[in-house]
$ cat protein-v4.pdb   # PDB, N, CA and C atoms
ATOM      1  N   MET M   1      33.143  30.599  14.292
ATOM      2  CA  MET M   1      32.186  31.170  13.350
ATOM      3  C   MET M   1      32.592  30.791  11.929
ATOM      4  N   GLU M   2      31.612  30.386  11.186
ATOM      5  CA  GLU M   2      31.854  29.965   9.811
ATOM      6  C   GLU M   2      31.237  30.972   8.849
ATOM      7  N   TRP M   3      32.090  31.680   8.095
ATOM      8  CA  TRP M   3      31.626  32.654   7.122
ATOM      9  C   TRP M   3      31.716  32.063   5.731
ATOM     10  N   ARG M   4      30.783  32.445   4.869
ATOM     11  CA  ARG M   4      30.828  32.054   3.467
ATOM     12  C   ARG M   4      30.633  33.320   2.628
ATOM     13  N   ALA M   5      31.126  33.302   1.408
ATOM     14  CA  ALA M   5      31.037  34.486   0.549
ATOM     15  C   ALA M   5      29.576  34.801   0.225
ATOM     16  N   VAL M   6      29.232  36.080   0.293
ATOM     17  CA  VAL M   6      27.878  36.540  -0.038
ATOM     18  C   VAL M   6      27.976  37.875  -0.780
ATOM     19  N   LYS M   7      26.892  38.232  -1.427
ATOM     20  CA  LYS M   7      26.827  39.501  -2.162
ATOM     21  C   LYS M   7      26.771  40.671  -1.171
ATOM     22  N   ALA M   8      27.345  41.792  -1.564
ATOM     23  CA  ALA M   8      27.373  42.983  -0.724
ATOM     24  C   ALA M   8      25.963  43.451  -0.371
ATOM     25  N   SER M   9      25.028  43.328  -1.300
ATOM     26  CA  SER M   9      23.657  43.771  -1.029
ATOM     27  C   SER M   9      23.045  42.978   0.134
ATOM     28  N   ARG M  10      23.373  41.698   0.218
ATOM     29  CA  ARG M  10      22.859  40.860   1.301
ATOM     30  C   ARG M  10      23.475  41.264   2.647
ATOM     31  N   VAL M  11      24.757  41.605   2.630
ATOM     32  CA  VAL M  11      25.431  42.042   3.852
ATOM     33  C   VAL M  11      24.823  43.358   4.328
ATOM     34  N   LEU M  12      24.580  44.270   3.406
ATOM     35  CA  LEU M  12      23.993  45.559   3.754
ATOM     36  C   LEU M  12      22.603  45.374   4.366
ATOM     37  N   LYS M  13      21.808  44.473   3.790
ATOM     38  CA  LYS M  13      20.475  44.163   4.335
ATOM     39  C   LYS M  13      20.576  43.603   5.750
ATOM     40  N   ALA M  14      21.538  42.702   5.946
ATOM     41  CA  ALA M  14      21.740  42.090   7.264
ATOM     42  C   ALA M  14      22.152  43.143   8.286
ATOM     43  N   LEU M  15      23.024  44.068   7.882
ATOM     44  CA  LEU M  15      23.438  45.132   8.803
ATOM     45  C   LEU M  15      22.252  46.020   9.176
ATOM     46  N   ALA M  16      21.396  46.306   8.201
ATOM     47  CA  ALA M  16      20.191  47.099   8.479
ATOM     48  C   ALA M  16      19.283  46.368   9.466
ATOM     49  N   SER M  17      19.211  45.049   9.350
ATOM     50  CA  SER M  17      18.332  44.281  10.232
ATOM     51  C   SER M  17      18.831  44.250  11.676
ATOM     52  N   ILE M  18      20.136  44.496  11.884
ATOM     53  CA  ILE M  18      20.644  44.526  13.258
ATOM     54  C   ILE M  18      20.841  45.964  13.756
ATOM     55  N   GLY M  19      20.257  46.928  13.045
ATOM     56  CA  GLY M  19      20.208  48.290  13.553
ATOM     57  C   GLY M  19      21.113  49.321  12.902
ATOM     58  N   TRP M  20      21.911  48.931  11.915
ATOM     59  CA  TRP M  20      22.763  49.895  11.230
ATOM     60  C   TRP M  20      21.940  50.647  10.196
ATOM     61  N   ARG M  21      22.223  51.927  10.027
ATOM     62  CA  ARG M  21      21.544  52.713   8.998
ATOM     63  C   ARG M  21      22.575  53.489   8.198
ATOM     64  N   ILE M  22      22.211  53.853   6.975
ATOM     65  CA  ILE M  22      23.116  54.622   6.131
ATOM     66  C   ILE M  22      23.031  56.085   6.561
ATOM     67  N   LYS M  23      24.139  56.594   7.062
ATOM     68  CA  LYS M  23      24.208  57.981   7.522
ATOM     69  C   LYS M  23      24.394  58.919   6.334
ATOM     70  N   ARG M  24      25.306  58.527   5.438
ATOM     71  CA  ARG M  24      25.504  59.278   4.190
ATOM     72  C   ARG M  24      26.159  58.363   3.169
ATOM     73  N   GLN M  25      26.111  58.794   1.910
ATOM     74  CA  GLN M  25      26.638  57.959   0.827
ATOM     75  C   GLN M  25      27.266  58.836  -0.233
ATOM     76  N   ARG M  26      28.369  58.338  -0.769
ATOM     77  CA  ARG M  26      29.007  59.010  -1.905
ATOM     78  C   ARG M  26      29.513  57.910  -2.821
ATOM     79  N   GLY M  27      28.849  57.722  -3.938
ATOM     80  CA  GLY M  27      29.181  56.622  -4.841
ATOM     81  C   GLY M  27      28.869  55.301  -4.161
ATOM     82  N   SER M  28      29.827  54.373  -4.187
ATOM     83  CA  SER M  28      29.591  53.080  -3.548
ATOM     84  C   SER M  28      30.003  53.088  -2.078
ATOM     85  N   HIS M  29      30.551  54.207  -1.586
ATOM     86  CA  HIS M  29      30.947  54.306  -0.183
ATOM     87  C   HIS M  29      29.765  54.760   0.666
ATOM     88  N   ARG M  30      29.393  53.914   1.606
ATOM     89  CA  ARG M  30      28.308  54.249   2.514
ATOM     90  C   ARG M  30      28.873  54.331   3.925
ATOM     91  N   ILE M  31      28.518  55.381   4.636
ATOM     92  CA  ILE M  31      28.908  55.506   6.033
ATOM     93  C   ILE M  31      27.718  55.007   6.839
ATOM     94  N   LEU M  32      27.947  53.939   7.608
ATOM     95  CA  LEU M  32      26.887  53.344   8.399
ATOM     96  C   LEU M  32      27.011  53.805   9.850
ATOM     97  N   ALA M  33      25.872  54.011  10.493
ATOM     98  CA  ALA M  33      25.861  54.460  11.878
ATOM     99  C   ALA M  33      24.906  53.606  12.699
ATOM    100  N   LYS M  34      25.276  53.414  13.963
ATOM    101  CA  LYS M  34      24.431  52.701  14.925
ATOM    102  C   LYS M  34      24.759  53.282  16.291
ATOM    103  N   PRO M  35      23.736  53.646  17.065
ATOM    104  CA  PRO M  35      24.004  54.214  18.393
ATOM    105  C   PRO M  35      24.887  53.286  19.237
ATOM    106  N   GLY M  36      25.892  53.887  19.867
ATOM    107  CA  GLY M  36      26.791  53.131  20.723
ATOM    108  C   GLY M  36      27.963  52.491  20.006
ATOM    109  N   TRP M  37      28.036  52.639  18.693
ATOM    110  CA  TRP M  37      29.124  52.067  17.884
ATOM    111  C   TRP M  37      29.770  53.187  17.075
ATOM    112  N   PRO M  38      31.076  53.074  16.789
ATOM    113  CA  PRO M  38      31.677  54.063  15.872
ATOM    114  C   PRO M  38      31.161  53.845  14.455
ATOM    115  N   ASN M  39      31.138  54.909  13.656
ATOM    116  CA  ASN M  39      30.703  54.796  12.260
ATOM    117  C   ASN M  39      31.594  53.821  11.500
ATOM    118  N   VAL M  40      31.002  53.164  10.507
ATOM    119  CA  VAL M  40      31.711  52.185   9.695
ATOM    120  C   VAL M  40      31.537  52.557   8.236
ATOM    121  N   THR M  41      32.615  52.500   7.455
ATOM    122  CA  THR M  41      32.538  52.742   6.014
ATOM    123  C   THR M  41      32.347  51.404   5.308
ATOM    124  N   PHE M  42      31.292  51.320   4.511
ATOM    125  CA  PHE M  42      30.984  50.124   3.724
ATOM    126  C   PHE M  42      31.206  50.510   2.273
ATOM    127  N   ALA M  43      32.286  50.000   1.665
ATOM    128  CA  ALA M  43      32.699  50.465   0.330
ATOM    129  C   ALA M  43      32.629  49.365  -0.717
ATOM    130  N   PHE M  44      31.458  48.763  -0.865
ATOM    131  CA  PHE M  44      31.309  47.678  -1.829
ATOM    132  C   PHE M  44      30.167  47.985  -2.784
ATOM    133  N   HIS M  45      30.281  47.482  -4.009
ATOM    134  CA  HIS M  45      29.193  47.585  -4.972
ATOM    135  C   HIS M  45      28.182  46.488  -4.665
ATOM    136  N   GLU M  46      26.914  46.770  -4.923
ATOM    137  CA  GLU M  46      25.814  45.856  -4.580
ATOM    138  C   GLU M  46      26.036  44.416  -5.042
ATOM    139  N   ARG M  47      26.534  44.221  -6.251
ATOM    140  CA  ARG M  47      26.653  42.862  -6.811
ATOM    141  C   ARG M  47      27.982  42.189  -6.477
ATOM    142  N   GLU M  48      28.869  42.914  -5.827
ATOM    143  CA  GLU M  48      30.187  42.385  -5.495
ATOM    144  C   GLU M  48      30.086  41.299  -4.418
ATOM    145  N   GLU M  49      30.889  40.249  -4.562
ATOM    146  CA  GLU M  49      30.924  39.199  -3.542
ATOM    147  C   GLU M  49      31.932  39.585  -2.472
ATOM    148  N   ILE M  50      31.554  39.382  -1.231
ATOM    149  CA  ILE M  50      32.448  39.640  -0.107
ATOM    150  C   ILE M  50      32.844  38.285   0.465
ATOM    151  N   GLY M  51      34.132  38.036   0.520
ATOM    152  CA  GLY M  51      34.645  36.747   0.981
ATOM    153  C   GLY M  51      34.654  36.602   2.494
ATOM    154  N   PRO M  52      34.923  35.390   2.964
ATOM    155  CA  PRO M  52      34.903  35.086   4.400
ATOM    156  C   PRO M  52      35.838  35.960   5.236
ATOM    157  N   ARG M  53      37.037  36.211   4.750
ATOM    158  CA  ARG M  53      37.988  37.015   5.535
ATOM    159  C   ARG M  53      37.487  38.444   5.723
ATOM    160  N   MET M  54      36.969  39.050   4.665
ATOM    161  CA  MET M  54      36.451  40.412   4.762
ATOM    162  C   MET M  54      35.182  40.448   5.608
ATOM    163  N   LEU M  55      34.341  39.437   5.496
ATOM    164  CA  LEU M  55      33.137  39.372   6.333
ATOM    165  C   LEU M  55      33.514  39.325   7.806
ATOM    166  N   SER M  56      34.567  38.607   8.116
ATOM    167  CA  SER M  56      35.044  38.521   9.490
ATOM    168  C   SER M  56      35.477  39.891   9.998
ATOM    169  N   ARG M  57      36.153  40.644   9.143
ATOM    170  CA  ARG M  57      36.580  42.007   9.523
ATOM    171  C   ARG M  57      35.373  42.924   9.720
ATOM    172  N   ILE M  58      34.396  42.819   8.816
ATOM    173  CA  ILE M  58      33.178  43.633   8.938
ATOM    174  C   ILE M  58      32.470  43.285  10.249
ATOM    175  N   ALA M  59      32.401  42.002  10.559
ATOM    176  CA  ALA M  59      31.737  41.541  11.778
ATOM    177  C   ALA M  59      32.398  42.108  13.030
ATOM    178  N   LYS M  60      33.694  42.185  13.007
ATOM    179  CA  LYS M  60      34.456  42.685  14.158
ATOM    180  C   LYS M  60      34.060  44.131  14.484
ATOM    181  N   HIS M  61      33.754  44.911  13.448
ATOM    182  CA  HIS M  61      33.425  46.325  13.626
ATOM    183  C   HIS M  61      31.932  46.601  13.758
ATOM    184  N   THR M  62      31.096  45.613  13.422
ATOM    185  CA  THR M  62      29.648  45.873  13.401
ATOM    186  C   THR M  62      28.824  44.954  14.301
ATOM    187  N   GLY M  63      29.404  43.848  14.748
ATOM    188  CA  GLY M  63      28.640  42.892  15.541
ATOM    189  C   GLY M  63      27.847  41.914  14.690
ATOM    190  N   LEU M  64      28.077  41.903  13.395
ATOM    191  CA  LEU M  64      27.387  40.995  12.476
ATOM    192  C   LEU M  64      27.779  39.553  12.787
ATOM    193  N   MET M  65      26.820  38.642  12.745
ATOM    194  CA  MET M  65      27.059  37.226  12.998
ATOM    195  C   MET M  65      26.658  36.441  11.744
ATOM    196  N   PRO M  66      27.255  35.254  11.523
ATOM    197  CA  PRO M  66      26.886  34.461  10.348
ATOM    198  C   PRO M  66      25.386  34.171  10.256
ATOM    199  N   ASP M  67      24.731  34.014  11.404
ATOM    200  CA  ASP M  67      23.276  33.751  11.410
ATOM    201  C   ASP M  67      22.458  34.933  10.910
ATOM    202  N   ASP M  68      23.028  36.151  10.948
ATOM    203  CA  ASP M  68      22.316  37.338  10.472
ATOM    204  C   ASP M  68      22.168  37.362   8.961
ATOM    205  N   LEU M  69      23.037  36.621   8.266
ATOM    206  CA  LEU M  69      23.003  36.641   6.807
ATOM    207  C   LEU M  69      21.930  35.731   6.302
TER     208      LEU M  69
END

$ encode --input "protein-v4.pdb" --output "structure tokens"
Amino acid sequence: MEWRAVKASRVLKALASIGWRIKRQRGSHRILAKPGWPNVTFAFHEREEIGPRMLSRIAKHTGLMPDDL
């Protein structure tokens, strides 16, 4: 899998498109939920860039694929 850096807002949109929803939010910390998966904390500001290594970690916990972005 080949990841490239993208803005946090784009990652959040991609997660929503694969079924994740914001369960609750406090500041820039969003708790995401999806049936059958443990909750995930997404702690990035909208304009922040997320690098390939962090995207890989997010993918491991959410099922996100490079094609989803």

$ resolve_selection --input "protein-v4.pdb" --expression "the PyMOL selection byres ((chain M and resi 6) around 5)" --output "compact mmCIF listing (two decimals) with N, CA and C atoms, in the frame of the given file"
# COMPACT_ATOMS: atom_id res chain seq x y z
N ARG M 4 30.78 32.44 4.87
CA ARG M 4 30.83 32.05 3.47
C ARG M 4 30.63 33.32 2.63
N ALA M 5 31.13 33.30 1.41
CA ALA M 5 31.04 34.49 0.55
C ALA M 5 29.58 34.80 0.22
N LYS M 7 26.89 38.23 -1.43
CA LYS M 7 26.83 39.50 -2.16
C LYS M 7 26.77 40.67 -1.17
N ALA M 8 27.34 41.79 -1.56
CA ALA M 8 27.37 42.98 -0.72
C ALA M 8 25.96 43.45 -0.37
N GLU M 49 30.89 40.25 -4.56
CA GLU M 49 30.92 39.20 -3.54
C GLU M 49 31.93 39.58 -2.47
N ILE M 50 31.55 39.38 -1.23
CA ILE M 50 32.45 39.64 -0.11
C ILE M 50 32.84 38.28 0.46

$ closest_residue --input "protein-v4.pdb" --among "M:His45, M:Leu55, M:Pro66, M:His61" --to "Ala33 (chain M)" --atoms "only C-alpha atoms"
M:His61

$ atom_distance --input "protein-v4.pdb" --atom1 "CA of Arg47 (chain M)" --atom2 "atom N of Ala14 (chain M)"
13.7 Å

$ atom_distance --input "protein-v4.pdb" --atom1 "CA of Ile22 (chain M)" --atom2 "CA of Arg57 (chain M)"
18.8 Å

$ atom_distance --input "protein-v4.pdb" --atom1 "CA of Glu2 (chain M)" --atom2 "atom N of Arg21 (chain M)"
24.0 Å

$ select_by_dssp --input "protein-v4.pdb" --residues "chain M" --states "alpha helix (DSSP H)" --output "PyMOL selection string"
chain M and resi 8-17+52-62

$ write_last_selection --input "protein-v4.pdb" --atoms "N, CA and C atoms" --output "tab-separated table (two decimals), in the frame of the given file"
chain	number	residue	atom	x	y	z
M	8	ALA	N	27.34	41.79	-1.56
M	8	ALA	CA	27.37	42.98	-0.72
M	8	ALA	C	25.96	43.45	-0.37
M	9	SER	N	25.03	43.33	-1.30
M	9	SER	CA	23.66	43.77	-1.03
M	9	SER	C	23.04	42.98	0.13
M	10	ARG	N	23.37	41.70	0.22
M	10	ARG	CA	22.86	40.86	1.30
M	10	ARG	C	23.48	41.26	2.65
M	11	VAL	N	24.76	41.60	2.63
M	11	VAL	CA	25.43	42.04	3.85
M	11	VAL	C	24.82	43.36	4.33
M	12	LEU	N	24.58	44.27	3.41
M	12	LEU	CA	23.99	45.56	3.75
M	12	LEU	C	22.60	45.37	4.37
M	13	LYS	N	21.81	44.47	3.79
M	13	LYS	CA	20.48	44.16	4.34
M	13	LYS	C	20.58	43.60	5.75
M	14	ALA	N	21.54	42.70	5.95
M	14	ALA	CA	21.74	42.09	7.26
M	14	ALA	C	22.15	43.14	8.29
M	15	LEU	N	23.02	44.07	7.88
M	15	LEU	CA	23.44	45.13	8.80
M	15	LEU	C	22.25	46.02	9.18
M	16	ALA	N	21.40	46.31	8.20
M	16	ALA	CA	20.19	47.10	8.48
M	16	ALA	C	19.28	46.37	9.47
M	17	SER	N	19.21	45.05	9.35
M	17	SER	CA	18.33	44.28	10.23
M	17	SER	C	18.83	44.25	11.68
M	52	PRO	N	34.92	35.39	2.96
M	52	PRO	CA	34.90	35.09	4.40
M	52	PRO	C	35.84	35.96	5.24
M	53	ARG	N	37.04	36.21	4.75
M	53	ARG	CA	37.99	37.02	5.54
M	53	ARG	C	37.49	38.44	5.72
M	54	MET	N	36.97	39.05	4.66
M	54	MET	CA	36.45	40.41	4.76
M	54	MET	C	35.18	40.45	5.61
M	55	LEU	N	34.34	39.44	5.50
M	55	LEU	CA	33.14	39.37	6.33
M	55	LEU	C	33.51	39.33	7.81
M	56	SER	N	34.57	38.61	8.12
M	56	SER	CA	35.04	38.52	9.49
M	56	SER	C	35.48	39.89	10.00
M	57	ARG	N	36.15	40.64	9.14
M	57	ARG	CA	36.58	42.01	9.52
M	57	ARG	C	35.37	42.92	9.72
M	58	ILE	N	34.40	42.82	8.82
M	58	ILE	CA	33.18	43.63	8.94
M	58	ILE	C	32.47	43.28	10.25
M	59	ALA	N	32.40	42.00	10.56
M	59	ALA	CA	31.74	41.54	11.78
M	59	ALA	C	32.40	42.11	13.03
M	60	LYS	N	33.69	42.18	13.01
M	60	LYS	CA	34.46	42.68	14.16
M	60	LYS	C	34.06	44.13	14.48
M	61	HIS	N	33.75	44.91	13.45
M	61	HIS	CA	33.42	46.32	13.63
M	61	HIS	C	31.93	46.60	13.76
M	62	THR	N	31.10	45.61	13.42
M	62	THR	CA	29.65	45.87	13.40
M	62	THR	C	28.82	44.95	14.30

$ residues_near_point --input "protein-v4.pdb" --point "(27.9, 43.2, 7.0)" --cutoff "8 Å" --atoms "all atoms listed in the file" --output "number ranges by chain"
M: 8, 10-16, 54-55, 57-59, 62-65

$ closest_residue --input "protein-v4.pdb" --among "M:Glu48, M:Ala43, M:Asp67, M:Pro38" --to "Gln25 (chain M)" --atoms "only C-alpha atoms"
M:Ala43

$ build_atoms --input "protein-v4.pdb" --residues "region 13-24 of chain M" --atoms "all heavy atoms" --output "JSON list (two decimals), in the frame of the given file"
[["chain", "number", "residue", "atom", "x", "y", "z"],
["M", 13, "LYS", "N", 21.81, 44.47, 3.79],
["M", 13, "LYS", "CA", 20.48, 44.16, 4.34],
["M", 13, "LYS", "C", 20.58, 43.60, 5.75],
["M", 13, "LYS", "O", 19.81, 43.96, 6.64],
["M", 13, "LYS", "CB", 19.77, 43.14, 3.44],
["M", 13, "LYS", "CG", 18.66, 43.71, 2.63],
["M", 13, "LYS", "CD", 17.96, 42.62, 1.86],
["M", 13, "LYS", "CE", 17.78, 43.10, 0.44],
["M", 13, "LYS", "NZ", 17.27, 42.16, -0.48],
["M", 14, "ALA", "N", 21.54, 42.70, 5.95],
["M", 14, "ALA", "CA", 21.74, 42.09, 7.26],
["M", 14, "ALA", "C", 22.15, 43.14, 8.29],
["M", 14, "ALA", "O", 21.68, 43.12, 9.43],
["M", 14, "ALA", "CB", 22.78, 40.98, 7.18],
["M", 15, "LEU", "N", 23.02, 44.07, 7.88],
["M", 15, "LEU", "CA", 23.44, 45.13, 8.80],
["M", 15, "LEU", "C", 22.25, 46.02, 9.18],
["M", 15, "LEU", "O", 22.10, 46.41, 10.33],
["M", 15, "LEU", "CB", 24.57, 45.97, 8.18],
["M", 15, "LEU", "CG", 25.92, 45.26, 8.08],
["M", 15, "LEU", "CD1", 26.89, 46.08, 7.24],
["M", 15, "LEU", "CD2", 26.50, 44.98, 9.45],
["M", 16, "ALA", "N", 21.40, 46.31, 8.20],
["M", 16, "ALA", "CA", 20.19, 47.10, 8.48],
["M", 16, "ALA", "C", 19.28, 46.37, 9.47],
["M", 16, "ALA", "O", 18.69, 46.99, 10.36],
["M", 16, "ALA", "CB", 19.45, 47.40, 7.19],
["M", 17, "SER", "N", 19.21, 45.05, 9.35],
["M", 17, "SER", "CA", 18.33, 44.28, 10.23],
["M", 17, "SER", "C", 18.83, 44.25, 11.68],
["M", 17, "SER", "O", 18.05, 44.02, 12.59],
["M", 17, "SER", "CB", 18.14, 42.86, 9.70],
["M", 17, "SER", "OG", 19.30, 42.08, 9.94],
["M", 18, "ILE", "N", 20.14, 44.50, 11.88],
["M", 18, "ILE", "CA", 20.64, 44.53, 13.26],
["M", 18, "ILE", "C", 20.84, 45.96, 13.76],
["M", 18, "ILE", "O", 21.52, 46.19, 14.75],
["M", 18, "ILE", "CB", 21.95, 43.69, 13.44],
["M", 18, "ILE", "CG1", 23.08, 44.22, 12.58],
["M", 18, "ILE", "CG2", 21.68, 42.22, 13.17],
["M", 18, "ILE", "CD1", 24.45, 43.62, 12.91],
["M", 19, "GLY", "N", 20.26, 46.93, 13.04],
["M", 19, "GLY", "CA", 20.21, 48.29, 13.55],
["M", 19, "GLY", "C", 21.11, 49.32, 12.90],
["M", 19, "GLY", "O", 21.10, 50.48, 13.29],
["M", 20, "TRP", "N", 21.91, 48.93, 11.92],
["M", 20, "TRP", "CA", 22.76, 49.90, 11.23],
["M", 20, "TRP", "C", 21.94, 50.65, 10.20],
["M", 20, "TRP", "O", 21.07, 50.08, 9.56],
["M", 20, "TRP", "CB", 23.94, 49.19, 10.55],
["M", 20, "TRP", "CG", 24.94, 48.69, 11.55],
["M", 20, "TRP", "CD1", 24.94, 47.47, 12.15],
["M", 20, "TRP", "CD2", 26.04, 49.40, 12.09],
["M", 20, "TRP", "NE1", 25.99, 47.38, 13.03],
["M", 20, "TRP", "CE2", 26.68, 48.56, 13.01],
["M", 20, "TRP", "CE3", 26.57, 50.68, 11.88],
["M", 20, "TRP", "CZ2", 27.82, 48.95, 13.72],
["M", 20, "TRP", "CZ3", 27.69, 51.07, 12.58],
["M", 20, "TRP", "CH2", 28.31, 50.20, 13.50],
["M", 21, "ARG", "N", 22.22, 51.93, 10.03],
["M", 21, "ARG", "CA", 21.54, 52.71, 9.00],
["M", 21, "ARG", "C", 22.58, 53.49, 8.20],
["M", 21, "ARG", "O", 23.69, 53.74, 8.68],
["M", 21, "ARG", "CB", 20.52, 53.66, 9.61],
["M", 21, "ARG", "CG", 21.12, 54.72, 10.49],
["M", 21, "ARG", "CD", 20.08, 55.71, 10.99],
["M", 21, "ARG", "NE", 20.71, 56.73, 11.81],
["M", 21, "ARG", "CZ", 21.41, 57.77, 11.36],
["M", 21, "ARG", "NH1", 21.56, 57.95, 10.07],
["M", 21, "ARG", "NH2", 21.95, 58.65, 12.18],
["M", 22, "ILE", "N", 22.21, 53.85, 6.98],
["M", 22, "ILE", "CA", 23.12, 54.62, 6.13],
["M", 22, "ILE", "C", 23.03, 56.08, 6.56],
["M", 22, "ILE", "O", 21.97, 56.70, 6.48],
["M", 22, "ILE", "CB", 22.77, 54.46, 4.64],
["M", 22, "ILE", "CG1", 22.96, 53.00, 4.22],
["M", 22, "ILE", "CG2", 23.63, 55.39, 3.78],
["M", 22, "ILE", "CD1", 22.51, 52.68, 2.82],
["M", 23, "LYS", "N", 24.14, 56.59, 7.06],
["M", 23, "LYS", "CA", 24.21, 57.98, 7.52],
["M", 23, "LYS", "C", 24.39, 58.92, 6.33],
["M", 23, "LYS", "O", 23.77, 59.96, 6.25],
["M", 23, "LYS", "CB", 25.37, 58.12, 8.50],
["M", 23, "LYS", "CG", 25.49, 59.44, 9.18],
["M", 23, "LYS", "CD", 26.62, 59.40, 10.20],
["M", 23, "LYS", "CE", 26.74, 60.69, 10.95],
["M", 23, "LYS", "NZ", 27.83, 60.61, 11.94],
["M", 24, "ARG", "N", 25.31, 58.53, 5.44],
["M", 24, "ARG", "CA", 25.50, 59.28, 4.19],
["M", 24, "ARG", "C", 26.16, 58.36, 3.17],
["M", 24, "ARG", "O", 26.69, 57.32, 3.50],
["M", 24, "ARG", "CB", 26.31, 60.55, 4.41],
["M", 24, "ARG", "CG", 27.72, 60.34, 4.87],
["M", 24, "ARG", "CD", 28.40, 61.71, 5.11],
["M", 24, "ARG", "NE", 29.77, 61.52, 5.51],
["M", 24, "ARG", "CZ", 30.17, 61.33, 6.76],
["M", 24, "ARG", "NH1", 29.29, 61.32, 7.74],
["M", 24, "ARG", "NH2", 31.45, 61.17, 7.04]]
